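The structure file protein-v3.cif is reproduced below (mmCIF, C-alpha atoms).
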```cif
data_my_file
#
loop_
_atom_site.label_atom_id
_atom_site.label_comp_id
_atom_site.auth_asym_id
_atom_site.auth_seq_id
_atom_site.Cartn_x
_atom_site.Cartn_y
_atom_site.Cartn_z
CA MET J 357 -1.66 -24.52 -1.31
CA GLU J 358 -4.35 -23.86 1.33
CA MET J 359 -1.79 -23.95 4.13
CA LEU J 360 0.46 -21.49 2.27
CA PHE J 361 -2.50 -19.13 1.88
CA TYR J 362 -3.37 -19.24 5.57
CA ILE J 363 0.25 -18.66 6.64
CA ALA J 364 0.53 -15.68 4.26
CA ALA J 365 -2.82 -14.36 5.52
CA ALA J 366 -1.60 -14.61 9.12
CA VAL J 367 1.59 -12.73 8.17
CA THR J 368 -0.51 -10.04 6.46
CA VAL J 369 -2.79 -9.51 9.45
CA LEU J 370 0.10 -9.50 11.95
CA ALA J 371 2.13 -7.01 9.92
CA THR J 372 -0.94 -4.79 9.42
CA LEU J 373 -1.62 -4.82 13.16
CA ARG J 374 1.95 -3.66 13.73
CA VAL J 375 1.57 -0.94 11.08
CA ILE J 376 -1.41 0.67 12.78
CA THR J 377 -0.01 0.28 16.30
CA HIS J 378 3.65 1.14 15.72
CA VAL J 379 4.99 4.42 17.06
CA HIS J 380 7.98 4.90 14.78
CA ALA J 381 7.18 5.85 11.18
CA VAL J 382 10.11 4.05 9.53
CA HIS J 383 9.32 0.79 11.31
CA ALA J 384 5.64 1.07 10.45
CA LEU J 385 6.76 1.45 6.82
CA LEU J 386 8.91 -1.69 7.13
CA TYR J 387 5.88 -3.63 8.37
CA LEU J 388 3.78 -2.18 5.56
CA VAL J 389 6.32 -3.46 3.02
CA VAL J 390 6.00 -6.92 4.60
CA THR J 391 2.21 -6.62 4.33
CA LEU J 392 2.47 -5.79 0.64
CA ILE J 393 4.84 -8.68 -0.08
CA ALA J 394 2.54 -11.11 1.75
CA LEU J 395 -0.44 -9.76 -0.22
CA SER J 396 1.56 -10.28 -3.40
CA LEU J 397 2.06 -13.95 -2.45
CA ILE J 398 -1.69 -14.24 -1.82
CA PHE J 399 -2.39 -12.75 -5.27
CA TYR J 400 -0.03 -15.34 -6.74
CA LEU J 401 -1.80 -18.18 -4.91
CA LEU J 402 -5.14 -16.87 -6.21
CA GLY J 403 -3.77 -17.22 -9.76
CA ALA J 404 -3.14 -13.53 -10.50
CA GLN J 405 0.57 -13.59 -11.32
CA PHE J 406 0.53 -10.23 -13.13
CA ALA J 407 -1.11 -8.51 -10.16
CA ALA J 408 1.43 -10.15 -7.82
CA ALA J 409 4.34 -8.76 -9.84
CA LEU J 410 2.76 -5.28 -10.00
CA GLU J 411 2.06 -5.30 -6.27
CA ILE J 412 5.77 -5.76 -5.55
CA ILE J 413 7.09 -3.45 -8.27
CA ILE J 414 4.72 -0.50 -7.87
CA TYR J 415 3.40 -0.77 -4.31
CA GLY J 416 6.42 -2.31 -2.60
CA GLY J 417 8.86 -0.41 -4.78
CA ALA J 418 7.63 2.96 -6.01
CA ILE J 419 4.98 3.97 -3.47
CA MET J 420 6.97 2.82 -0.44
CA VAL J 421 10.04 4.72 -1.72
CA LEU J 422 7.85 7.85 -1.86
CA PHE J 423 6.77 7.30 1.74
CA ILE J 424 10.32 6.70 2.92
CA PHE J 425 11.55 9.85 1.16
CA VAL J 426 8.86 11.92 2.86
CA VAL J 427 9.64 10.41 6.27
CA MET J 428 13.29 11.28 5.73
CA LEU J 429 12.37 14.84 4.67
CA LEU J 430 10.14 15.26 7.71
CA GLY J 431 12.97 14.21 10.01
CA PRO J 432 12.15 14.51 13.71
CA LEU J 433 8.53 15.51 13.09
CA ALA J 434 7.59 11.96 12.13
CA VAL J 435 8.81 10.69 15.48
CA GLU J 436 7.31 13.34 17.79
CA GLN J 437 7.04 12.33 21.43
CA GLU J 438 6.78 8.73 20.34
CA ARG J 439 10.57 8.54 20.27
CA THR J 440 10.58 7.38 23.89
CA TRP J 441 9.23 3.95 22.89
CA PHE J 442 11.74 3.55 20.09
CA SER J 443 14.06 0.55 20.32
CA LEU J 444 16.78 -0.59 17.93
CA SER J 445 15.51 -4.17 17.90
CA ALA J 446 12.35 -3.15 16.00
CA TRP J 447 13.65 -4.51 12.70
CA VAL J 448 13.58 -8.08 14.08
CA GLY J 449 9.80 -8.38 13.65
CA PRO J 450 9.67 -7.52 9.92
CA SER J 451 12.66 -9.79 9.30
CA ILE J 452 10.96 -12.80 10.91
CA LEU J 453 7.73 -12.21 8.97
CA ALA J 454 9.68 -11.77 5.72
CA LEU J 455 11.62 -14.99 6.44
CA VAL J 456 8.30 -16.85 6.80
CA LEU J 457 7.29 -15.53 3.37
CA LEU J 458 10.69 -16.47 1.93
CA GLY J 459 10.20 -20.01 3.24
CA GLU J 460 6.81 -20.16 1.54
CA VAL J 461 8.25 -19.01 -1.79
CA GLY J 462 11.07 -21.55 -1.45
CA TYR J 463 8.50 -24.28 -0.80
CA LEU J 464 6.48 -23.17 -3.85
CA ILE J 465 9.58 -23.34 -6.07
CA ALA J 466 10.78 -26.66 -4.63
CA SER J 467 7.39 -28.38 -4.85
CA GLY J 468 6.88 -27.34 -8.47
CA ASP J 469 3.26 -26.57 -7.57
CA HIS J 470 3.13 -23.38 -9.61
CA PRO J 471 1.60 -22.56 -12.98
CA THR J 472 3.96 -22.84 -15.92
CA MET J 473 4.46 -20.23 -18.62
CA ALA J 474 2.06 -22.16 -20.86
CA VAL J 475 -0.75 -21.47 -18.36
CA ALA J 476 0.26 -17.93 -17.48
CA GLU J 477 0.77 -16.58 -20.99
CA PRO J 478 -2.81 -16.81 -22.37
CA ARG J 479 -4.04 -15.13 -19.19
CA GLN J 480 -1.73 -12.14 -19.68
CA LYS J 481 -2.91 -11.95 -23.26
CA ALA J 482 -6.55 -11.97 -22.13
CA ILE J 483 -5.81 -9.18 -19.62
CA SER J 484 -4.15 -7.04 -22.29
CA ILE J 485 -6.98 -7.57 -24.78
CA ALA J 486 -9.63 -6.73 -22.18
CA LEU J 487 -7.66 -3.68 -20.98
CA TYR J 488 -7.44 -2.15 -24.45
CA GLY J 489 -10.82 -3.45 -25.58
CA PRO J 490 -13.86 -2.98 -23.33
CA TYR J 491 -11.86 -1.16 -20.63
CA ILE J 492 -10.22 1.44 -22.89
CA ILE J 493 -12.30 4.22 -21.29
CA GLY J 494 -10.85 3.22 -17.93
CA VAL J 495 -7.32 3.54 -19.30
CA GLU J 496 -8.16 7.03 -20.60
CA LEU J 497 -9.65 7.99 -17.22
CA ALA J 498 -6.52 6.69 -15.49
CA SER J 499 -4.35 8.92 -17.65
CA MET J 500 -6.65 11.86 -16.89
CA LEU J 501 -6.20 11.07 -13.19
CA LEU J 502 -2.42 10.73 -13.34
CA LEU J 503 -1.79 14.06 -15.08
CA PRO J 504 -3.59 16.19 -12.42
CA GLY J 505 -1.81 14.07 -9.81
CA LEU J 506 1.52 14.95 -11.35
CA ILE J 507 0.69 18.65 -11.64
CA GLY J 508 -0.73 18.74 -8.10
CA ALA J 509 2.33 17.08 -6.59
CA TYR J 510 4.60 19.47 -8.50
CA HIS J 511 2.59 22.49 -7.38
CA LEU J 512 2.57 21.47 -3.71
CA GLY J 513 6.28 20.68 -3.71
CA ARG J 514 7.23 23.89 -5.56
CA ARG J 515 5.49 26.28 -3.18
CA LEU J 516 7.19 24.55 -0.28
CA SER J 517 10.65 25.29 -1.64
CA SER J 518 9.89 28.95 -2.51
CA GLU J 519 8.49 29.64 0.97
CA ALA J 520 11.49 28.01 2.55
CA ARG J 521 13.71 30.44 0.64
CA SER J 522 11.71 33.52 1.65
CA CYS J 523 11.88 32.82 5.39
CA MET F 840 -11.38 -22.64 -3.44
CA LEU F 841 -9.39 -19.86 -1.82
CA SER F 842 -11.65 -16.95 -2.75
CA THR F 843 -13.91 -17.13 0.33
CA PRO F 844 -11.01 -16.97 2.84
CA ALA F 845 -9.45 -14.28 0.65
CA LEU F 846 -12.64 -12.22 0.94
CA VAL F 847 -12.63 -12.72 4.72
CA LEU F 848 -9.00 -11.56 4.78
CA ALA F 849 -9.98 -8.51 2.71
CA ILE F 850 -12.69 -7.67 5.26
CA ILE F 851 -10.22 -8.04 8.15
CA LEU F 852 -7.63 -5.86 6.40
CA PHE F 853 -10.22 -3.20 5.58
CA GLY F 854 -11.38 -3.19 9.20
CA LEU F 855 -7.82 -2.86 10.46
CA GLY F 856 -7.18 0.02 8.06
CA LEU F 857 -10.39 1.74 9.18
CA ILE F 858 -9.45 1.30 12.85
CA GLY F 859 -6.02 2.76 12.12
CA LEU F 860 -7.52 5.69 10.22
CA LEU F 861 -9.91 6.51 13.05
CA SER F 862 -7.58 5.96 15.98
CA ARG F 863 -4.26 7.43 14.83
CA ARG F 864 -3.89 11.20 14.84
CA ASN F 865 -0.55 11.35 13.03
CA ILE F 866 -1.38 12.25 9.44
CA LEU F 867 1.32 9.96 8.05
CA TYR F 868 -0.23 6.92 9.76
CA MET F 869 -3.65 7.94 8.47
CA LEU F 870 -2.17 7.78 4.95
CA LEU F 871 -0.70 4.35 5.66
CA SER F 872 -4.12 3.17 6.86
CA LEU F 873 -5.64 4.46 3.62
CA GLU F 874 -3.09 2.39 1.70
CA ILE F 875 -4.07 -0.70 3.70
CA MET F 876 -7.74 -0.11 2.91
CA LEU F 877 -6.98 0.32 -0.82
CA ASN F 878 -5.04 -2.95 -0.71
CA ALA F 879 -7.97 -4.71 0.95
CA ALA F 880 -10.28 -3.51 -1.83
CA ALA F 881 -7.78 -4.72 -4.42
CA LEU F 882 -7.62 -8.11 -2.70
CA ALA F 883 -11.42 -8.36 -2.83
CA PHE F 884 -11.34 -7.65 -6.59
CA ILE F 885 -8.62 -10.25 -7.18
CA ALA F 886 -10.54 -12.82 -5.12
CA GLY F 887 -13.68 -12.13 -7.15
CA GLY F 888 -11.75 -12.46 -10.40
CA ALA F 889 -10.25 -15.77 -9.22
CA ARG F 890 -13.69 -17.06 -8.18
CA TRP F 891 -15.21 -16.53 -11.63
CA GLY F 892 -12.05 -17.17 -13.66
CA GLN F 893 -12.30 -13.74 -15.31
CA VAL F 894 -9.61 -11.13 -15.90
CA ASP F 895 -11.78 -8.20 -14.78
CA GLY F 896 -10.52 -8.49 -11.22
CA GLU F 897 -6.93 -7.94 -12.28
CA ILE F 898 -7.92 -5.00 -14.49
CA MET F 899 -9.68 -3.36 -11.54
CA PHE F 900 -6.49 -4.00 -9.56
CA LEU F 901 -4.55 -2.06 -12.20
CA PHE F 902 -6.95 0.88 -11.84
CA ILE F 903 -6.70 0.77 -8.04
CA LEU F 904 -2.91 0.81 -8.39
CA THR F 905 -3.10 3.91 -10.61
CA LEU F 906 -5.44 5.60 -8.13
CA ALA F 907 -3.11 4.78 -5.24
CA ALA F 908 -0.07 6.18 -7.06
CA ALA F 909 -1.84 9.47 -7.85
CA GLU F 910 -3.34 9.73 -4.36
CA VAL F 911 -0.05 9.07 -2.59
CA SER F 912 1.92 11.62 -4.62
CA VAL F 913 -0.60 14.41 -3.93
CA ALA F 914 -1.19 13.42 -0.30
CA LEU F 915 2.52 13.31 0.51
CA GLY F 916 2.90 16.78 -1.02
CA ILE F 917 0.14 17.98 1.32
CA VAL F 918 1.88 16.28 4.27
CA LEU F 919 5.09 18.15 3.44
CA GLN F 920 3.18 21.45 3.21
CA LEU F 921 1.42 20.89 6.53
CA SER F 922 4.60 19.90 8.32
CA HIS F 923 6.28 22.99 6.86
CA ARG F 924 3.56 25.38 8.01
CA PHE F 925 2.44 23.92 11.34
CA ARG F 926 5.65 22.20 12.46
CA THR F 927 3.64 19.14 13.49
CA LEU F 928 1.93 16.12 11.93
CA ASP F 929 -0.90 15.97 14.47
CA ALA F 930 -4.20 16.03 12.59
CA ASP F 931 -5.92 17.79 15.49
CA ALA F 932 -3.54 20.76 15.14
CA PHE F 933 -4.87 21.56 11.64
CA CYS F 934 -7.96 23.35 12.94
CA GLU F 935 -7.88 26.65 11.05
CA MET F 936 -11.27 25.92 9.46
CA ARG F 937 -12.79 25.36 12.93
CA GLY F 938 -14.46 22.13 11.80
#
```
Same coordinates, now as structure tokens:
Amino acid sequence: MEMLFYIAAAVTVLATLRVITHVHAVHALLYLVVTLIALSLIFYLLGAQFAAALEIIIYGGAIMVLFIFVVMLLGPLAVEQERTWFSLSAWVGPSILALVLLGEVGYLIASGDHPTMAVAEPRQKAISIALYGPYIIGVELASMLLLPGLIGAYHLGRRLSSEARSC
Amino acid sequence: MLSTPALVLAIILFGLGLIGLLSRRNILYMLLSLEIMLNAAALAFIAGGARWGQVDGEIMFLFILTLAAAEVSVALGIVLQLSHRFRTLDADAFCEMRG
């Protein structure tokens, strides 16, 4: 368990280093996805299975898809003069780091050293009760945050398309 | 217990994100660094929740996730606007306010 944590932590730090030093936006995003998956494994090892699942579904899925769409929309701007350092072999790094994580997950499954449903279920129940009990004001505030976020994103995207038509 | 090394990892990740935010001038990478810093904060909350055996850490993680989703959608809209108007993503080029 400890060893798994330290390996996942090393993968996280390595991938993060590559994110902030990489010159090509798409490859930096690939490394960021690896970072998020490694963090999800760390959440799992810390006993937060629900947070681990959400980290992959929302961070690794939804938010990264947003980033990748924007990078594709930006096209050559995201590369700038940094294109000169671009090499096709850049996907090898994320693959190796992801394979390390895959090995860890395989070891976790094979060793049977993971919490069963009987342990995980009361915890999810406790999270739900706390979320809609003492933290209900936080849920309301989150909804009040998400609606302006939606309207703001719509507004910014809409003016872009109308200006593009005019010129 | 894994919470102490997890907190150290959170500090390292936050530092890396801060270094990235300060050193990169491409606005897209600055956003990525912000995401890394948000993740480090979430990791600190999860580690705290695991240390005390409480669910509050995971609930704070849910709120951080909501915040990140809202922030990313608005910030990427701004990135698209800036790239449309200035034809660059260099943060130093956005100097109309003479800051």
Which residues, named as in the file, does the PyMOL selection byres ((chain F) within 7 of (chain J)) pick out? Answer as a PyMOL selection string.
chain F and resi 841+848+852+859+872+885-886+889+894+897-898+902+905+908-909+912-913+915-917+920+927-928
Could you check how far CA of Leu919 (chain F) sits from CA of Val390 (chain J), in Å to one decimal?
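We find that CA of Leu919 (chain F) and CA of Val390 (chain J) lie 25.1 Å from each other.
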Please compute the CA of Pro490 (chain J)-CA of Leu846 (chain F) distance, one decimal, in Å.
26.0 Å
Determine the residue membership of the PyMOL selection byres ((chain F and resi 870) around 10) for the file above and supply it as an MDAnalysis selection string.
(chainID J and resid 423) or (chainID F and resid 856 859:860 865:869 871:876 910:911 914:915 918)
Between CA of Leu455 (chain J) and CA of Tyr387 (chain J), what is the distance in Å, rounded to a tenth?
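The value is 12.9 Å.
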From the options F:Val847, F:Leu921, F:Met936, F:Ala883, which residue's atoms come nearest to Met899 (chain F), counting all atoms listed in the file?
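Using all atoms listed in the file, the shortest distance to Met899 (chain F) belongs to F:Ala883.
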Pick the closest to Ile363 (chain J) from J:Ala454, J:Val382, J:Gly449, J:Met428: which is it, counting only C-alpha atoms?
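Smallest distance to Ile363 (chain J) is found for J:Ala454.
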Grab all the atoms of region 859-871 of chain F that the file lists, wrap them in a box along x, y and z, add 5 Å per side, and give me centre plus edge lengths in Å (one decimal) as lines of an AutoDock Vina configuration file.
```
center_x = -4.3
center_y = 7.5
center_z = 10.5
size_x = 21.2
size_y = 19.5
size_z = 21.0
```
